[in-house]
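entry.csv follows; it contains CSV, C-alpha atoms and all ligand atoms.
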chain,number,residue,atom,x,y,z
A,1,MET,CA,2.1,28.0,55.7
A,2,ARG,CA,5.1,26.7,53.9
A,3,LEU,CA,4.6,23.2,55.3
A,4,CYS,CA,1.0,23.3,54.2
A,5,VAL,CA,2.0,23.9,50.5
A,6,ILE,CA,4.5,21.1,50.6
A,7,THR,CA,1.8,18.7,51.9
A,8,ILE,CA,-0.7,19.6,49.2
A,9,ARG,CA,1.9,19.1,46.5
A,10,ASN,CA,2.8,15.7,47.9
A,11,CYS,CA,-0.8,14.6,48.0
A,12,THR,CA,-1.3,15.7,44.4
A,13,GLU,CA,1.7,13.8,43.2
A,14,TYR,CA,0.5,10.7,45.1
A,15,ALA,CA,-2.9,11.0,43.4
A,16,VAL,CA,-1.4,11.3,40.0
A,17,ASP,CA,0.9,8.3,40.6
A,18,ASN,CA,-2.1,6.3,41.7
A,19,ARG,CA,-4.1,7.2,38.6
A,20,LEU,CA,-1.2,6.3,36.3
A,21,SER,CA,-0.8,2.9,37.8
A,22,ASP,CA,-4.6,2.3,37.5
A,23,LEU,CA,-4.4,3.3,33.8
A,24,GLU,CA,-1.4,1.0,33.2
A,25,ASP,CA,-3.5,-1.9,34.6
A,26,GLN,CA,-6.1,-1.3,31.8
A,27,LYS,CA,-3.6,-2.3,29.0
A,28,PHE,CA,-4.6,0.1,26.2
A,29,ALA,CA,-3.5,-1.2,22.8
A,30,ASP,CA,-0.2,0.1,21.5
A,31,ILE,CA,-0.6,2.3,18.4
A,32,PRO,CA,2.3,1.5,16.1
A,33,GLY,CA,2.3,4.8,14.0
A,34,GLY,CA,4.0,5.1,10.6
A,35,GLY,CA,0.7,5.6,8.7
A,36,SER,CA,-1.0,8.7,7.4
A,37,LEU,CA,-4.2,10.4,8.3
A,38,VAL,CA,-6.8,9.1,5.9
A,39,VAL,CA,-9.7,11.6,5.6
A,40,ALA,CA,-12.4,12.5,3.1
A,41,TRP,CA,-11.3,16.0,2.1
A,42,GLN,CA,-14.1,18.3,1.0
A,43,VAL,CA,-13.2,20.3,-2.1
A,44,LYS,CA,-16.7,20.9,-3.4
A,45,GLY,CA,-16.9,24.3,-5.1
A,46,LYS,CA,-13.3,25.1,-4.3
A,47,PRO,CA,-10.7,26.1,-6.9
A,48,VAL,CA,-8.0,23.4,-7.5
A,49,ILE,CA,-5.2,23.7,-10.1
A,50,VAL,CA,-3.8,20.8,-12.0
A,51,VAL,CA,-0.5,21.4,-13.6
A,52,GLY,CA,0.1,19.2,-16.6
A,53,GLY,CA,-2.3,17.6,-19.1
A,54,GLY,CA,-1.0,14.0,-19.6
A,55,ASP,CA,-2.3,10.7,-18.3
A,56,VAL,CA,-1.5,11.3,-14.7
A,57,ALA,CA,-3.2,14.8,-14.8
A,58,THR,CA,-6.2,13.2,-16.5
A,59,GLY,CA,-6.6,10.7,-13.6
A,60,ARG,CA,-6.3,13.6,-11.0
A,61,VAL,CA,-9.0,15.6,-12.8
A,62,ALA,CA,-11.3,12.5,-12.6
A,63,HIS,CA,-10.8,12.4,-8.8
A,64,LEU,CA,-11.4,16.1,-8.5
A,65,LEU,CA,-14.6,16.1,-10.6
A,66,ALA,CA,-15.9,13.2,-8.5
A,67,ALA,CA,-15.5,15.5,-5.6
A,68,ASP,CA,-17.2,18.5,-7.3
A,69,ALA,CA,-14.1,20.7,-7.2
A,70,VAL,CA,-13.7,23.7,-9.6
A,71,VAL,CA,-10.8,22.5,-11.7
A,72,THR,CA,-8.4,24.5,-13.8
A,73,VAL,CA,-5.8,22.6,-15.9
A,74,ILE,CA,-2.7,24.5,-16.8
A,75,CYS,CA,-0.5,23.2,-19.6
A,76,PRO,CA,0.3,24.0,-23.3
A,77,SER,CA,-2.5,22.9,-25.6
A,78,SER,CA,-0.1,20.4,-27.3
A,79,GLY,CA,0.1,18.6,-23.9
A,80,LEU,CA,-3.6,18.2,-23.3
A,81,SER,CA,-4.8,14.5,-23.4
A,82,PRO,CA,-7.8,13.6,-25.6
A,83,GLU,CA,-9.9,13.0,-22.4
A,84,LEU,CA,-9.0,16.4,-21.1
A,85,GLN,CA,-9.7,18.0,-24.4
A,86,TYR,CA,-13.2,16.5,-24.2
A,87,ARG,CA,-13.7,17.7,-20.6
A,88,VAL,CA,-12.6,21.2,-21.5
A,89,SER,CA,-15.0,21.3,-24.5
A,90,ARG,CA,-17.8,20.1,-22.2
A,91,LYS,CA,-16.8,22.9,-19.7
A,92,GLN,CA,-16.3,20.4,-16.9
A,93,VAL,CA,-12.9,21.9,-16.4
A,94,SER,CA,-11.2,25.2,-17.4
A,95,HIS,CA,-7.9,25.2,-19.3
A,96,ILE,CA,-5.2,27.8,-19.4
A,97,SER,CA,-3.0,27.1,-22.4
A,98,ARG,CA,0.6,27.9,-21.3
A,99,THR,CA,3.2,26.7,-18.9
A,100,PHE,CA,2.7,27.2,-15.2
A,101,ASP,CA,3.4,30.7,-13.9
A,102,ILE,CA,4.0,31.0,-10.2
A,103,GLU,CA,3.1,34.7,-10.0
A,104,LEU,CA,-0.1,34.5,-12.0
A,105,ASP,CA,-1.3,31.1,-10.9
A,106,LEU,CA,-0.5,31.1,-7.2
A,107,ARG,CA,-0.5,34.7,-6.1
A,108,VAL,CA,-3.1,36.6,-8.1
A,109,SER,CA,-5.8,34.3,-6.7
A,110,VAL,CA,-4.8,31.6,-4.3
A,111,PRO,CA,-6.1,28.0,-5.1
A,112,SER,CA,-7.2,25.8,-2.3
A,113,MET,CA,-5.0,22.9,-3.6
A,114,VAL,CA,-2.4,22.3,-6.3
A,115,LEU,CA,-1.8,18.9,-8.1
A,116,VAL,CA,1.4,18.7,-10.2
A,117,ALA,CA,1.8,16.1,-12.9
A,118,ILE,CA,4.5,17.3,-15.3
A,119,ASP,CA,7.7,15.8,-16.8
A,120,SER,CA,10.1,18.4,-15.3
A,121,PRO,CA,11.3,17.5,-11.7
A,122,SER,CA,13.0,21.0,-11.3
A,123,THR,CA,9.8,22.9,-12.2
A,124,SER,CA,7.8,20.6,-9.9
A,125,THR,CA,10.1,21.4,-7.1
A,126,GLU,CA,9.8,25.1,-7.7
A,127,ILE,CA,6.0,24.8,-7.7
A,128,TYR,CA,6.1,22.7,-4.5
A,129,THR,CA,8.4,25.1,-2.7
A,130,GLU,CA,6.1,28.1,-3.6
A,131,CYS,CA,3.0,26.2,-2.5
A,132,LYS,CA,4.6,25.5,0.9
A,133,LYS,CA,5.5,29.3,1.3
A,134,LEU,CA,1.8,30.1,0.6
A,135,LYS,CA,0.6,27.2,2.8
A,136,ILE,CA,-1.3,25.6,-0.2
A,137,PRO,CA,-1.7,21.8,0.1
A,138,VAL,CA,0.1,20.2,-2.8
A,139,ASN,CA,0.7,16.8,-4.4
A,140,VAL,CA,3.5,16.2,-6.9
A,141,ALA,CA,2.7,13.0,-8.7
A,142,ASP,CA,5.1,10.2,-7.9
A,143,VAL,CA,7.4,12.4,-5.7
A,144,PRO,CA,6.5,11.4,-2.1
A,145,GLY,CA,8.9,14.1,-0.6
A,146,GLU,CA,6.9,16.8,-2.4
A,147,CYS,CA,3.4,15.6,-1.3
A,148,ASP,CA,1.3,16.9,1.6
A,149,PHE,CA,-1.0,14.0,0.8
A,150,TYR,CA,-0.8,10.9,-1.4
A,151,PHE,CA,-3.4,9.6,-3.8
A,152,GLY,CA,-4.7,6.1,-3.5
A,153,SER,CA,-6.4,3.5,-5.5
A,154,MET,CA,-10.2,4.4,-5.6
A,155,TYR,CA,-13.3,2.3,-5.7
A,156,ARG,CA,-16.5,4.4,-6.0
A,157,ASP,CA,-20.1,3.3,-6.1
A,158,GLY,CA,-22.4,6.4,-5.7
A,159,PRO,CA,-21.6,7.9,-2.3
A,160,LEU,CA,-19.5,4.9,-1.3
A,161,GLN,CA,-15.8,5.7,-1.7
A,162,ILE,CA,-13.0,3.4,-0.7
A,163,MET,CA,-9.4,4.4,-1.0
A,164,VAL,CA,-6.7,1.8,-0.7
A,165,SER,CA,-3.4,3.3,0.4
A,166,THR,CA,-0.1,1.5,1.1
A,167,ASN,CA,1.3,4.7,2.5
A,168,GLY,CA,3.7,4.9,-0.4
A,169,ASN,CA,5.0,1.4,-0.1
A,170,GLY,CA,3.5,-0.3,-3.1
A,171,PRO,CA,1.1,1.7,-5.4
A,172,LYS,CA,0.6,-1.3,-7.8
A,173,MET,CA,-0.4,-3.4,-4.8
A,174,ALA,CA,-2.9,-0.8,-3.8
A,175,SER,CA,-4.4,-1.1,-7.2
A,176,LEU,CA,-4.6,-5.0,-6.9
A,177,VAL,CA,-6.2,-4.8,-3.4
A,178,ARG,CA,-8.7,-2.3,-4.7
A,179,ARG,CA,-9.7,-4.6,-7.5
A,180,ARG,CA,-10.3,-7.5,-5.0
A,181,ILE,CA,-12.6,-5.2,-3.0
A,182,GLU,CA,-14.3,-4.1,-6.2
A,183,GLU,CA,-15.0,-7.7,-7.3
A,184,ASP,CA,-16.5,-8.5,-3.9
A,185,LEU,CA,-18.6,-5.3,-3.5
A,186,LYS,CA,-19.9,-4.9,-7.0
A,187,GLU,CA,-22.1,-8.0,-6.4
A,188,GLU,CA,-24.5,-5.8,-4.3
A,189,PRO,CA,-26.0,-2.4,-4.8
A,190,PHE,CA,-24.1,-0.7,-1.9
A,191,GLY,CA,-24.1,2.7,-3.6
A,192,LEU,CA,-27.9,2.8,-4.2
A,193,ALA,CA,-28.5,1.5,-0.6
A,194,ILE,CA,-26.3,4.2,0.9
A,195,GLU,CA,-28.1,6.9,-1.2
A,196,LYS,CA,-31.5,5.7,0.1
A,197,LEU,CA,-30.1,5.6,3.6
A,198,GLY,CA,-28.9,9.2,3.2
A,199,GLU,CA,-32.4,10.2,2.2
A,200,LEU,CA,-33.9,8.3,5.1
A,201,ARG,CA,-31.6,10.0,7.6
A,202,ARG,CA,-32.5,13.5,6.2
A,203,ARG,CA,-36.2,12.6,6.7
A,204,VAL,CA,-35.5,11.3,10.2
A,205,ARG,CA,-33.9,14.6,11.1
A,206,GLU,CA,-36.9,16.5,9.8
A,207,LYS,CA,-39.2,14.3,11.9
A,208,VAL,CA,-37.0,14.5,15.1
A,209,PRO,CA,-35.2,17.8,14.5
A,210,GLY,CA,-34.0,18.4,18.1
A,211,SER,CA,-30.3,19.0,18.7
A,212,GLY,CA,-30.4,17.9,22.3
A,213,LYS,CA,-28.7,14.7,23.5
A,214,GLY,CA,-32.1,12.8,23.8
A,215,ASP,CA,-33.2,13.4,20.2
A,216,MET,CA,-29.7,12.8,18.9
A,217,ARG,CA,-29.5,9.4,20.6
A,218,LYS,CA,-33.0,8.5,19.5
A,219,ARG,CA,-32.1,9.3,15.8
A,220,MET,CA,-28.8,7.5,16.0
A,221,ARG,CA,-30.2,4.3,17.6
A,222,TRP,CA,-33.1,4.1,15.1
A,223,VAL,CA,-31.0,4.7,12.0
A,224,SER,CA,-28.3,2.2,13.3
A,225,GLN,CA,-30.9,-0.5,13.8
A,226,ILE,CA,-32.4,-0.2,10.3
A,227,SER,CA,-28.9,0.0,8.8
A,228,GLU,CA,-28.0,-3.3,10.5
A,229,GLN,CA,-31.3,-5.2,10.2
A,230,TRP,CA,-32.1,-4.5,6.5
A,231,THR,CA,-30.1,-6.1,3.8
A,232,ILE,CA,-28.3,-4.0,1.2
A,233,ALA,CA,-30.7,-5.1,-1.5
A,234,GLN,CA,-33.7,-4.2,0.7
A,235,LEU,CA,-32.3,-0.7,1.5
A,236,ALA,CA,-31.7,-0.2,-2.2
A,237,LYS,CA,-35.4,-0.8,-2.9
A,238,LEU,CA,-36.6,2.1,-0.6
A,239,ASP,CA,-38.7,4.6,-2.5
A,240,ASP,CA,-40.3,7.8,-1.4
A,241,ASP,CA,-43.5,6.1,-0.4
A,242,MET,CA,-41.7,3.5,1.6
A,243,ILE,CA,-39.5,6.1,3.3
A,244,ALA,CA,-42.6,8.0,4.4
A,245,LYS,CA,-44.1,4.8,5.9
A,246,VAL,CA,-40.9,3.8,7.6
A,247,ILE,CA,-40.6,7.2,9.3
A,248,ASP,CA,-44.0,6.6,10.9
A,249,TYR,CA,-42.2,4.1,13.1
A,250,ILE,CA,-39.8,6.7,14.5
A,251,ASN,CA,-41.1,6.4,18.1
A,252,ASP,CA,-40.9,2.6,17.9
A,253,GLU,CA,-38.6,-0.1,16.7
A,254,PRO,CA,-38.0,0.2,13.0
A,255,PRO,CA,-40.1,-2.3,11.0
A,256,SER,CA,-38.6,-5.1,9.1
A,257,TYR,CA,-38.6,-4.9,5.3
A,258,GLU,CA,-41.2,-7.6,5.1
A,259,GLN,CA,-43.5,-5.8,7.5
A,260,LEU,CA,-43.2,-2.6,5.5
A,261,ILE,CA,-44.0,-4.4,2.3
A,262,LEU,CA,-47.2,-5.7,3.9
A,263,ILE,CA,-48.2,-2.1,4.9
A,264,THR,CA,-47.4,-0.5,1.5
A,265,SER,CA,-49.0,-3.1,-0.7
B,301,LIG,C1,3.3,8.1,-3.0
B,301,LIG,C2,2.4,8.2,-4.2
B,301,LIG,C3,2.3,9.7,-4.4
B,301,LIG,C4,1.2,10.1,-5.4
B,301,LIG,O1,1.4,10.1,-6.6
B,301,LIG,O2,0.1,10.5,-4.9
B,301,LIG,C5,3.0,7.4,-5.4
B,301,LIG,C6,4.3,7.4,-5.7
B,301,LIG,C7,4.9,6.6,-6.7
B,301,LIG,N1,4.3,5.8,-7.6
B,301,LIG,C8,5.2,5.1,-8.4
B,301,LIG,C9,4.9,4.1,-9.3
B,301,LIG,C10,3.7,3.7,-9.7
B,301,LIG,N2,2.5,4.2,-9.4
B,301,LIG,C11,1.5,3.5,-9.9
B,301,LIG,C12,0.1,3.8,-9.8
B,301,LIG,C13,-0.5,4.6,-8.9
B,301,LIG,N3,0.1,5.3,-7.9
B,301,LIG,C14,-0.7,5.8,-7.0
B,301,LIG,C15,-0.4,6.6,-5.9
B,301,LIG,C16,0.9,6.9,-5.4
B,301,LIG,N4,2.0,6.8,-6.1
B,301,LIG,C17,1.1,7.5,-4.1
B,301,LIG,C18,1.1,6.4,-3.0
B,301,LIG,C19,0.0,5.3,-3.1
B,301,LIG,C20,0.0,4.4,-2.0
B,301,LIG,O3,0.2,4.8,-0.9
B,301,LIG,O4,-0.2,3.2,-2.2
B,301,LIG,C21,-2.1,5.4,-7.3
B,301,LIG,C22,-2.5,4.4,-6.2
B,301,LIG,C23,-3.2,6.5,-7.3
B,301,LIG,C24,-3.0,7.5,-8.4
B,301,LIG,O5,-1.9,8.0,-8.7
B,301,LIG,O6,-4.1,8.0,-8.8
B,301,LIG,C25,-2.0,4.7,-8.7
B,301,LIG,C26,-2.8,3.4,-8.9
B,301,LIG,C27,-4.2,3.7,-9.3
B,301,LIG,C28,-5.0,2.5,-9.7
B,301,LIG,O7,-4.6,1.7,-10.6
B,301,LIG,O8,-6.1,2.4,-9.1
B,301,LIG,C29,2.0,2.4,-10.6
B,301,LIG,C30,1.3,1.3,-11.3
B,301,LIG,C31,0.7,1.7,-12.6
B,301,LIG,O9,1.0,2.7,-13.2
B,301,LIG,O10,-0.1,0.8,-13.1
B,301,LIG,C32,3.4,2.5,-10.5
B,301,LIG,C33,4.5,1.5,-11.0
B,301,LIG,C34,4.5,0.2,-10.1
B,301,LIG,C35,4.9,0.5,-8.6
B,301,LIG,O11,6.0,1.1,-8.4
B,301,LIG,O12,4.2,0.0,-7.7
B,301,LIG,C36,6.5,5.6,-8.0
B,301,LIG,C37,7.8,5.0,-8.5
B,301,LIG,C38,8.3,5.8,-9.8
B,301,LIG,C39,9.6,5.3,-10.2
B,301,LIG,O13,10.0,4.1,-10.0
B,301,LIG,O14,10.4,6.1,-10.7
B,301,LIG,C40,6.3,6.5,-7.0
B,301,LIG,C41,7.4,7.3,-6.3
B,301,LIG,C42,8.0,6.5,-5.1
B,301,LIG,O15,7.5,5.5,-4.7
B,301,LIG,O16,9.1,6.9,-4.7
B,302,LIG,N1,2.0,8.1,-16.4
B,302,LIG,C1,2.5,7.2,-15.5
B,302,LIG,O1,2.0,6.1,-15.3
B,302,LIG,C2,3.6,7.6,-14.7
B,302,LIG,C3,3.8,9.0,-14.4
B,302,LIG,N2,4.8,9.4,-13.7
B,302,LIG,C4,5.1,10.8,-13.3
B,302,LIG,O2,4.1,11.7,-13.6
B,302,LIG,C5,4.5,12.7,-14.4
B,302,LIG,C6,3.5,13.1,-15.4
B,302,LIG,O3,3.3,12.0,-16.3
B,302,LIG,P1,2.2,12.0,-17.5
B,302,LIG,O4,0.9,12.3,-17.1
B,302,LIG,O5,2.5,10.7,-18.2
B,302,LIG,O6,2.7,13.3,-18.3
B,302,LIG,P2,3.5,13.4,-19.7
B,302,LIG,O7,4.9,13.2,-19.4
B,302,LIG,O8,2.8,12.6,-20.7
B,302,LIG,O9,3.2,14.9,-20.0
B,302,LIG,C7,3.6,15.9,-19.2
B,302,LIG,C8,2.6,17.0,-19.2
B,302,LIG,O10,3.1,18.2,-18.5
B,302,LIG,C9,2.9,19.3,-19.3
B,302,LIG,N3,3.9,20.3,-18.8
B,302,LIG,C10,5.3,20.1,-18.9
B,302,LIG,N4,5.9,21.2,-18.3
B,302,LIG,C11,4.9,22.0,-17.9
B,302,LIG,C12,4.8,23.3,-17.2
B,302,LIG,N5,6.0,23.9,-16.9
B,302,LIG,N6,3.6,23.8,-16.9
B,302,LIG,C13,2.5,23.2,-17.3
B,302,LIG,N7,2.5,22.0,-17.9
B,302,LIG,C14,3.6,21.5,-18.2
B,302,LIG,C15,3.0,18.9,-20.7
B,302,LIG,O11,2.4,19.8,-21.6
B,302,LIG,C16,2.2,17.6,-20.6
B,302,LIG,O12,0.8,17.8,-20.6
B,302,LIG,C17,5.8,12.1,-15.1
B,302,LIG,O13,6.7,13.1,-15.4
B,302,LIG,C18,6.3,11.3,-14.0
B,302,LIG,O14,7.1,12.0,-13.1
B,302,LIG,C19,5.6,8.4,-13.1
B,302,LIG,C20,5.4,7.1,-13.3
B,302,LIG,C21,4.4,6.6,-14.1
In C-alpha cells, what does this structure look like?
Ligand SMILES: C[C@@]1(CC(=O)O)c2cc3[nH]c(cc4nc(cc5[nH]c(cc(n2)[C@H]1CCC(=O)O)[C@@](C)(CC(=O)O)[C@@H]5CCC(=O)O)C(CC(=O)O)=C4CCC(=O)O)c(CCC(=O)O)c3CC(=O)O
Ligand SMILES: NC(=O)C1=CN([C@@H]2O[C@H](COP(=O)(O)OP(=O)(O)OC[C@H]3O[C@@H](n4cnc5c(N)ncnc54)[C@H](O)[C@@H]3O)[C@@H](O)[C@H]2O)C=CC1
Amino acid sequence: MRLCVITIRNCTEYAVDNRLSDLEDQKFADIPGGGSLVVAWQVKGKPVIVVGGGDVATGRVAHLLAADAVVTVICPSSGLSPELQYRVSRKQVSHISRTFDIELDLRVSVPSMVLVAIDSPSTSTEIYTECKKLKIPVNVADVPGECDFYFGSMYRDGPLQIMVSTNGNGPKMASLVRRRIEEDLKEEPFGLAIEKLGELRRRVREKVPGSGKGDMRKRMRWVSQISEQWTIAQLAKLDDDMIAKVIDYINDEPPSYEQLILITS
C-alpha cells in the first residue's frame, strides 16, 4: 500500500514537470509591472464627497458630473469657486458650507468615494486615514501616497472616454499626450458613431435575445463586422430607420453602408 502511494506521487510530479517545460517552450511575454489598474469606475447615482472648493475641486466635480455621481461639495462658502457657485445654484451639486467634519461627513452616512482638494496637508492626512479605516476609496489631490487611485488627463467625446495616465511620473506630460490624441480624434465624429453603435447593439440584443453561447457568438460576430467594415462617418449617420433596416440582416452578413442607402432611399 505504502509503495503504491509513493508511485502515484512520483507520477504526478513527473506530469507537472512535463507540463511546466511544455509551457516554458511557448515563451509567454514577460509582464513588466509597475503600472496601475486602469478601469472605468461606475459611480452613477452614488454619493461622492468633494472636500474643498478651489480650482482642483472644480475639476474633480466636472469629472464626477460626467460620470453621473451624486456630488456633495464641502467647504466654507468663501472658498467656493465661481464655477462651483454656478453648479450649486443649478442644483447639479449639493454644497455644505463649513469645514470637513469626520464624524458628520464620513460616519453618519458613508460616501462611496471621497476626493480631497484642500490647502491643509495635515487635515488631508486625517481625512485620508479615516477613509482608510472605513474602507472608503479616496484621492488626495497631488499627494500620491494618499491616493487609492490617481486622476488622469481626460478626453471625452460622448460615450468615448480616454484617460492618459503616466502613473504619477509626469502629469503635465499626460496633459500634452491627451492634447495630441484630441487633435487627432476630433477630426472624426467618434462620439456620435459610438452612440449609434450602442443603439444598434441594444436592438441586436432585442432581435437575438438568447443568453446561450450560440446567440452570443452570433451577436458578437455580427456587431464586430459592422464596427470594422463601416467608417466612423458612416456609423455616425445611422438613424432609427436605418438601424431597423440593418437589423433585418441579422441572420446574414451585415450590409455595407452603400447597400443600406440603396434600400432606404
Ligand atoms: C499622482 C497624481 C494624483 C492626483 O492628483 O490624482 C498627481 C500628482 C501631482 N501632480 C503634481 C503637479 C501637477 N499636476 C498637474 C496637472 C494634473 N495632474 C493630474 C493628475 C495627477 N497629479 C495624478 C497623476 C497623473 C498621472 O499619472 O499622470 C491631472 C493629469 C489630472 C487631474 O488632476 O485632473 C492634471 C492634468 C489635467 C489636464 O490638463 O488634462 C500639473 C500641470 C498643470 O497644473 O497644468 C502639475 C505641474 C507640472 C508637473 O509636475 O507635471 C504634483 C507635484 C506638486 C509639487 O511639485 O508640489 C503631484 C505630486 C507628485 O507628483 O508627487
Ligand atoms: N491648483 C493647482 O493647479 C494645484 C493644486 N495643488 C494641490 O491641490 C490643493 C487644492 O488646490 P486648489 O484647488 O487650488 O485650492 P485652493 O488652495 O484655492 O483652495 C483650498 C480650498 O479648500 C477649502 N478648505 C480648506 N480647508 C478646508 C477644510 N478643512 N474643509 C473643507 N474645505 C476646506 C477652502 O475653502 C478652498 O475652497 C492645493 O492645496 C495643493 O495641495 C497642487 C498643485 C497645483
Quick one, how far is atom CA of Gly145 of chain A from atom CA of Ile181 of chain A?
-> 29.0 Å
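Residues with any atom within 9 Å of Trp222 of chain A, counting all atoms listed in the file and excluding same-chain neighbours fewer than 6 positions away, are Ile250, Asn251, Asp252, Glu253 and Pro254 of chain A.
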File of the preceding selection, C-alpha atoms, as a compact mmCIF listing (two decimals), in the frame of the given file:
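Once written, out_29.txt looks like this:
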# COMPACT_ATOMS: atom_id res chain seq x y z
CA ILE A 250 -39.80 6.70 14.50
CA ASN A 251 -41.10 6.40 18.10
CA ASP A 252 -40.90 2.60 17.90
CA GLU A 253 -38.60 -0.10 16.70
CA PRO A 254 -38.00 0.20 13.00
Which residues of chain A have any atom within 6 Å of an atom in ligand LIG 301 (chain B) when counting all atoms listed in the file, and what is the closest pair of atoms for each, with the distance in Å to one decimal? Order the rows by chain and rising number and write it as CSV.
residue,atom,partner,partner_atom,distance
A:Ala141,CA,B:LIG301,O1,3.8
A:Asp142,CA,B:LIG301,C6,3.6
A:Val143,CA,B:LIG301,C41,5.1
A:Pro144,CA,B:LIG301,C1,4.7
A:Tyr150,CA,B:LIG301,O2,3.6
A:Phe151,CA,B:LIG301,O2,3.8
A:Gly152,CA,B:LIG301,C22,3.9
A:Ser153,CA,B:LIG301,O8,3.8
A:Met154,CA,B:LIG301,O8,5.7
A:Ser165,CA,B:LIG301,O3,4.1
A:Thr166,CA,B:LIG301,O4,3.7
A:Asn167,CA,B:LIG301,O3,3.6
A:Gly168,CA,B:LIG301,O3,3.5
A:Asn169,CA,B:LIG301,O4,5.9
A:Gly170,CA,B:LIG301,O12,4.7
A:Pro171,CA,B:LIG301,O4,3.8
A:Lys172,CA,B:LIG301,O12,3.8
A:Ala174,CA,B:LIG301,O4,5.1
A:Ser175,CA,B:LIG301,O8,4.3
Env of segment 53-66 of chain A: 9 Å cut, atoms = only C-alpha atoms, seq-sep filter 4 positions within chain, self excluded. Answer as a tab-separated table (two decimals) with C-alpha atoms, in the coordinates of the input.
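And here's out-v5.tsv as it stands now:
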chain	number	residue	atom	x	y	z
A	43	VAL	CA	-13.20	20.30	-2.10
A	44	LYS	CA	-16.70	20.90	-3.40
A	48	VAL	CA	-8.00	23.40	-7.50
A	70	VAL	CA	-13.70	23.70	-9.60
A	71	VAL	CA	-10.80	22.50	-11.70
A	72	THR	CA	-8.40	24.50	-13.80
A	73	VAL	CA	-5.80	22.60	-15.90
A	74	ILE	CA	-2.70	24.50	-16.80
A	75	CYS	CA	-0.50	23.20	-19.60
A	76	PRO	CA	0.30	24.00	-23.30
A	77	SER	CA	-2.50	22.90	-25.60
A	78	SER	CA	-0.10	20.40	-27.30
A	79	GLY	CA	0.10	18.60	-23.90
A	80	LEU	CA	-3.60	18.20	-23.30
A	81	SER	CA	-4.80	14.50	-23.40
A	83	GLU	CA	-9.90	13.00	-22.40
A	84	LEU	CA	-9.00	16.40	-21.10
A	92	GLN	CA	-16.30	20.40	-16.90
A	93	VAL	CA	-12.90	21.90	-16.40
A	115	LEU	CA	-1.80	18.90	-8.10
A	116	VAL	CA	1.40	18.70	-10.20
A	117	ALA	CA	1.80	16.10	-12.90
A	118	ILE	CA	4.50	17.30	-15.30
A	141	ALA	CA	2.70	13.00	-8.70
A	151	PHE	CA	-3.40	9.60	-3.80
A	154	MET	CA	-10.20	4.40	-5.60
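Distances from A:Asp157, A:Glu188, A:Asp22, A:Glu146 to Ala236 of chain A were compared using only C-alpha atoms, and the smallest one belongs to A:Glu188.
Of the residues under consideration (A:Met216, A:Ile49, A:Ala40, A:Ile263), A:Ile49 shows the shortest atom-to-atom contact distance to ligand LIG 302 (chain B) when counting all atoms listed in the file.
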